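Trainee: Input structure: run.cif, which contains mmCIF, C-alpha atoms.
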data_start
#
loop_
_atom_site.label_atom_id
_atom_site.label_comp_id
_atom_site.auth_asym_id
_atom_site.auth_seq_id
_atom_site.Cartn_x
_atom_site.Cartn_y
_atom_site.Cartn_z
CA LEU J 11 62.10 -53.78 17.32
CA THR J 12 64.44 -56.39 18.69
CA GLY J 13 68.15 -56.32 19.44
CA GLU J 14 69.68 -52.94 18.60
CA LEU J 15 66.23 -51.67 17.56
CA ALA J 16 64.70 -52.35 20.99
CA PRO J 17 64.94 -48.67 22.11
CA LEU J 18 62.36 -47.85 19.43
CA GLN J 19 59.91 -49.90 21.48
CA ALA J 20 59.78 -47.09 24.04
CA VAL J 21 58.88 -44.58 21.32
CA LEU J 22 56.07 -46.77 20.04
CA GLU J 23 54.76 -47.38 23.54
CA LYS J 24 54.73 -43.63 24.17
CA ASN J 25 52.85 -43.03 20.91
CA ARG J 26 50.33 -45.71 21.76
CA LYS J 27 49.67 -44.19 25.17
CA ASP J 28 49.71 -40.54 24.07
CA LYS J 29 47.46 -40.88 21.04
CA ARG J 30 43.93 -42.11 21.27
CA TYR J 31 43.28 -45.15 19.12
CA PHE J 32 46.88 -45.23 17.85
CA THR J 33 46.56 -48.89 16.87
CA THR J 34 43.45 -48.24 14.82
CA TYR J 35 45.59 -46.92 11.96
CA ASN J 36 49.07 -48.05 12.92
CA ARG J 37 50.60 -51.48 13.19
CA THR J 38 51.59 -52.77 16.58
CA PRO J 39 55.14 -53.99 17.20
CA LEU J 40 53.79 -57.56 17.16
CA VAL J 41 52.31 -57.10 13.70
CA GLU J 42 55.54 -55.51 12.46
CA ARG J 43 57.54 -58.47 13.78
CA ILE J 44 55.23 -60.96 12.07
CA GLN J 45 55.49 -59.02 8.80
CA ASP J 46 59.29 -59.04 9.06
CA ILE J 47 59.23 -62.83 9.45
CA LEU J 48 56.95 -63.25 6.44
CA THR J 49 59.06 -60.88 4.33
CA ALA J 50 62.21 -62.85 5.13
CA LEU J 51 60.51 -66.16 4.29
CA ALA J 52 59.18 -64.78 0.99
CA TRP J 53 62.68 -63.64 0.07
CA LEU J 54 64.13 -67.05 0.93
CA LYS J 55 61.40 -68.83 -1.02
CA ARG J 56 62.38 -66.92 -4.20
CA ARG J 57 66.01 -67.99 -4.01
CA ARG J 58 66.81 -70.82 -6.41
CA SER J 59 68.98 -72.56 -3.85
CA THR J 60 66.11 -72.86 -1.35
CA THR J 61 64.62 -76.34 -1.31
CA ARG J 62 62.79 -76.30 2.03
CA LEU J 63 61.76 -73.60 4.46
CA ALA J 64 61.52 -73.79 8.22
CA LEU J 65 60.62 -71.15 10.76
CA VAL J 66 61.91 -71.61 14.30
CA GLY J 67 60.83 -69.13 16.95
CA VAL J 68 62.74 -69.33 20.23
CA GLY J 69 61.85 -67.55 23.48
CA ARG J 70 59.72 -64.45 22.87
CA ALA J 71 59.91 -65.07 19.12
CA GLY J 72 58.05 -68.36 19.53
CA ALA J 73 54.69 -66.59 19.72
CA TRP J 74 55.66 -64.46 16.71
CA ALA J 75 56.45 -67.60 14.73
CA LEU J 76 53.16 -69.21 15.72
CA LEU J 77 51.14 -66.15 14.72
CA ALA J 78 53.03 -65.98 11.40
CA ALA J 79 52.54 -69.70 10.69
CA PRO J 80 49.21 -69.44 8.82
CA PHE J 81 50.75 -67.00 6.36
CA THR J 82 54.05 -68.76 5.68
CA PRO J 83 54.74 -70.17 2.21
CA GLU J 84 53.22 -73.57 1.55
CA GLY J 85 55.36 -76.40 2.88
CA THR J 86 57.06 -74.33 5.58
CA ALA J 87 57.66 -76.26 8.81
CA VAL J 88 57.12 -74.12 11.91
CA ALA J 89 58.55 -74.75 15.39
CA ALA J 90 57.35 -72.32 18.03
CA ASP J 91 58.60 -72.03 21.59
CA MET J 92 55.48 -71.17 23.55
CA ALA J 93 57.63 -70.04 26.51
CA ALA J 94 54.92 -71.30 28.91
CA LEU J 95 52.23 -69.16 27.25
CA ALA J 96 49.20 -70.98 28.51
CA SER J 97 46.04 -68.94 28.35
CA ASP J 98 44.42 -65.71 27.36
CA ASP J 99 45.02 -64.21 30.80
CA ASP J 100 48.81 -64.25 30.37
CA PRO J 101 50.07 -60.66 30.89
CA ARG J 102 52.19 -60.89 27.71
CA TRP J 103 49.00 -60.43 25.64
CA GLN J 104 48.80 -56.91 27.06
CA ALA J 105 52.52 -56.22 26.72
CA ASP J 106 54.86 -57.78 24.15
CA LEU J 107 52.05 -59.57 22.28
CA PHE J 108 49.59 -56.69 22.31
CA THR J 109 47.42 -56.22 19.23
CA PRO J 110 43.82 -55.05 19.51
CA CYS J 111 41.29 -57.89 19.58
CA ILE J 112 43.90 -60.63 19.13
CA LEU J 113 42.37 -62.64 21.95
CA LYS J 114 38.85 -62.14 20.64
CA ALA J 115 40.11 -63.64 17.38
CA GLY J 116 41.37 -66.70 19.24
CA ALA J 117 45.11 -65.89 19.32
CA PRO J 118 47.11 -69.15 19.54
CA TRP J 119 44.15 -71.48 18.93
CA THR J 120 43.09 -69.71 15.74
CA ALA J 121 46.68 -69.43 14.54
CA VAL J 122 47.11 -73.19 14.91
CA ALA J 123 43.80 -73.89 13.15
CA LEU J 124 44.74 -71.62 10.25
CA ALA J 125 48.23 -73.12 10.03
CA ALA J 126 46.85 -76.60 9.29
CA PRO J 127 47.97 -78.67 7.45
CA ARG J 128 51.49 -77.20 7.80
CA ARG J 129 53.97 -79.14 9.86
CA LEU J 130 53.83 -77.49 13.28
CA LEU J 131 55.67 -78.08 16.54
CA LEU J 132 54.67 -76.21 19.68
CA HIS J 133 56.98 -76.76 22.62
CA GLY J 134 57.24 -75.27 26.07
CA ALA J 135 53.45 -74.97 26.14
CA GLY J 136 52.10 -74.07 29.56
CA ALA J 137 50.30 -76.81 31.47
CA ALA J 138 47.06 -74.82 31.32
CA LEU J 139 47.12 -74.44 27.52
CA ASP J 140 44.04 -76.17 26.13
CA THR J 141 45.35 -78.08 23.15
CA ARG J 142 42.09 -79.87 22.29
CA PRO J 143 40.91 -77.22 19.79
CA MET J 144 44.34 -77.25 18.15
CA ARG J 145 44.37 -81.01 17.77
CA ALA J 146 40.76 -80.97 16.52
CA ALA J 147 41.64 -78.42 13.83
CA TYR J 148 44.50 -80.57 12.57
CA ARG J 149 42.31 -83.68 12.59
CA ALA J 150 39.64 -81.80 10.62
CA ALA J 151 42.30 -80.81 8.07
CA GLY J 152 43.35 -84.46 7.76
CA ALA J 153 46.77 -83.58 9.13
CA ALA J 154 46.74 -84.88 12.72
CA ASP J 155 50.26 -86.26 12.27
CA GLU J 156 51.61 -82.83 11.29
CA LEU J 157 50.94 -81.27 14.72
CA ARG J 158 53.21 -82.00 17.66
CA ILE J 159 52.70 -80.35 21.03
CA GLU J 160 55.24 -80.72 23.82
CA ARG J 161 54.65 -79.30 27.28
CA ARG J 162 58.37 -79.12 28.00
CA PRO J 163 60.74 -76.81 26.14
CA LEU J 164 62.92 -78.54 23.56
CA GLY J 165 66.59 -77.84 23.08
CA PRO J 166 68.46 -77.22 19.84
CA GLN J 167 69.19 -80.92 19.24
CA ALA J 168 65.53 -81.94 19.54
CA LEU J 169 64.45 -79.08 17.27
CA THR J 170 67.09 -80.06 14.71
CA ARG J 171 65.93 -83.69 14.79
CA TRP J 172 62.30 -82.60 14.27
CA LEU J 173 63.24 -80.36 11.36
CA ALA J 174 65.41 -83.03 9.76
CA ALA J 175 62.74 -85.72 10.09
CA ARG J 176 61.43 -84.78 6.63
#
Before anything else, please render the file you have as structure tokens.

Mentor:
Amino acid sequence: LTGELAPLQAVLEKNRKDKRYFTTYNRTPLVERIQDILTALAWLKRRRSTTRLALVGVGRAGAWALLAAPFTPEGTAVAADMAALASDDDPRWQADLFTPCILKAGAPWTAVALAAPRRLLLHGAGAALDTRPMRAAYRAAGAADELRIERRPLGPQALTRWLAAR
């Protein structure tokens, strides 16, 4: 539901509003996007020519990449543009990132904790984003050096350098 498929978003939104409990038995667009990411990574992992995997989410796709991170194949490096997503009161959780109970489950904090010990870069994190639980989860996993959090957004060159560092 991105690019040329974006008009389908309106259909899904209408279904969600017209039908009671639509998301009880149907996947939200966010969940579909995360599944698409994981399907693509699984396909790449099976290719003989693939030696390393990396997932880079830019702009809106940064949150998708972060939420997919815990489920990526082992050894996948993940760089997620947080696009100033800073807290659970961000309106995007009720719009583009809507999935029932995602905030009750801990949204970005739980995703980071479950992603450990994968190599993870979060950039463009909002100033109000509490990173202490994220850092604590990586320390507990013995992977404190695998988590990098940058408050400012990083450009393509910085992302490329981070990915190439290993």

Trainee: In file coordinates, which residues lie within 10 Å of (54.5, -68.5, 7.7) using only C-alpha atoms, given as a ChimeraX atom specification?

Mentor: /J:44-45,47-52,63-65,74-88,125,128

Trainee: So that I have them on file, write out the residues from the current selection with C-alpha atoms, as a tab-separated table (two decimals), in the frame of the given file.

Mentor:
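Written output follows (selection-v5.tsv):
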chain	number	residue	atom	x	y	z
J	44	ILE	CA	55.23	-60.96	12.07
J	45	GLN	CA	55.49	-59.02	8.80
J	47	ILE	CA	59.23	-62.83	9.45
J	48	LEU	CA	56.95	-63.25	6.44
J	49	THR	CA	59.06	-60.88	4.33
J	50	ALA	CA	62.21	-62.85	5.13
J	51	LEU	CA	60.51	-66.16	4.29
J	52	ALA	CA	59.18	-64.78	0.99
J	63	LEU	CA	61.76	-73.60	4.46
J	64	ALA	CA	61.52	-73.79	8.22
J	65	LEU	CA	60.62	-71.15	10.76
J	74	TRP	CA	55.66	-64.46	16.71
J	75	ALA	CA	56.45	-67.60	14.73
J	76	LEU	CA	53.16	-69.21	15.72
J	77	LEU	CA	51.14	-66.15	14.72
J	78	ALA	CA	53.03	-65.98	11.40
J	79	ALA	CA	52.54	-69.70	10.69
J	80	PRO	CA	49.21	-69.44	8.82
J	81	PHE	CA	50.75	-67.00	6.36
J	82	THR	CA	54.05	-68.76	5.68
J	83	PRO	CA	54.74	-70.17	2.21
J	84	GLU	CA	53.22	-73.57	1.55
J	85	GLY	CA	55.36	-76.40	2.88
J	86	THR	CA	57.06	-74.33	5.58
J	87	ALA	CA	57.66	-76.26	8.81
J	88	VAL	CA	57.12	-74.12	11.91
J	125	ALA	CA	48.23	-73.12	10.03
J	128	ARG	CA	51.49	-77.20	7.80

Trainee: When you look at Pro163 in chain J with a cut-off of 8 Å (counting only C-alpha atoms), what residues show up, excluding the ones that are within fewer than 6 positions of it in the same chain? I need them as an MDAnalysis selection string.

Mentor: chainID J and resid 91 93 133:135

Trainee: Go through the shown structure with the PyMOL selection byres ((chain J and resi 166) around 12) and write out the matching residues as a PyMOL selection string.

Mentor: chain J and resi 66-68+89+91+133+163-165+167-173

Trainee: Using the chain letters and numbers from the file, give me the residues hit by the PyMOL selection byres ((chain J and resi 113) around 12), as a list in words.

Mentor: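 Taken on the displayed file, the PyMOL selection byres ((chain J and resi 113) around 12) yields the residues Leu77, Ser97, Asp98, Asp99, Asp100, Pro101, Arg102, Trp103, Gln104, Leu107, Phe108, Thr109, Pro110, Cys111, Ile112, Lys114, Ala115, Gly116, Ala117, Pro118, Trp119, Thr120 and Ala121 of chain J.
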
Trainee: Nearest to Ala90 in chain J among J:Leu131, J:Ala174, J:Leu139, J:Ala105, with distances taken over only C-alpha atoms: which residue is it?

Mentor: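 Closest candidate: J:Leu131.
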
Trainee: Kindly give the distance, in Å, that separates CA of Glu156 in chain J and CA of Arg58 in chain J, rounded to a single decimal.

Mentor: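 Value for the CA of Glu156 in chain J-CA of Arg58 in chain J distance: 26.2 Å.
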
Trainee: Please determine, counting only C-alpha atoms, which residue among J:Pro39, J:Pro143, J:Gly69, J:Gly136 has the shortest atom-to-atom distance to Leu157 in chain J.

Mentor: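 Among the listed residues, J:Pro143 lies closest to Leu157 in chain J.
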
Trainee: Residues at most 8 Å from Thr141 in chain J, counting all atoms listed in the file, excluding those fewer than 3 positions away in the same chain, as a list of chain:residue names?

Mentor: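 Using all atoms listed in the file, the neighbours found are J:Trp119, J:Met144, J:Arg145, J:Ile159.
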
Trainee: Can you pull out the residues contacting Asp155 in chain J? Cut-off 12 Å, using only C-alpha atoms, and skip same-chain residues under 3 positions away; I want them as a compact mmCIF listing (two decimals) with C-alpha atoms, in the frame of the given file.

Mentor:
# COMPACT_ATOMS: atom_id res chain seq x y z
CA ALA J 126 46.85 -76.60 9.29
CA PRO J 127 47.97 -78.67 7.45
CA ARG J 128 51.49 -77.20 7.80
CA ARG J 129 53.97 -79.14 9.86
CA LEU J 130 53.83 -77.49 13.28
CA LEU J 131 55.67 -78.08 16.54
CA ARG J 145 44.37 -81.01 17.77
CA ALA J 146 40.76 -80.97 16.52
CA ALA J 147 41.64 -78.42 13.83
CA TYR J 148 44.50 -80.57 12.57
CA ARG J 149 42.31 -83.68 12.59
CA ALA J 150 39.64 -81.80 10.62
CA ALA J 151 42.30 -80.81 8.07
CA GLY J 152 43.35 -84.46 7.76
CA ARG J 158 53.21 -82.00 17.66
CA ILE J 159 52.70 -80.35 21.03

Trainee: Rounded to one decimal, what separation in Å do you get between CA of Met92 in chain J and CA of Leu54 in chain J?

Mentor: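 These atoms are spaced 24.6 Å apart.
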
Trainee: So, counting all atoms listed in the file, which residue among J:Val41, J:Ala94, J:Ala123, J:Ala175 is closest to Arg162 in chain J?

Mentor: J:Ala94

Trainee: Calculate how many Å separate CA of Asp106 in chain J from CA of Leu40 in chain J, rounding to one decimal.

Mentor: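 According to the coordinates, CA of Asp106 in chain J and CA of Leu40 in chain J are separated by 7.1 Å.
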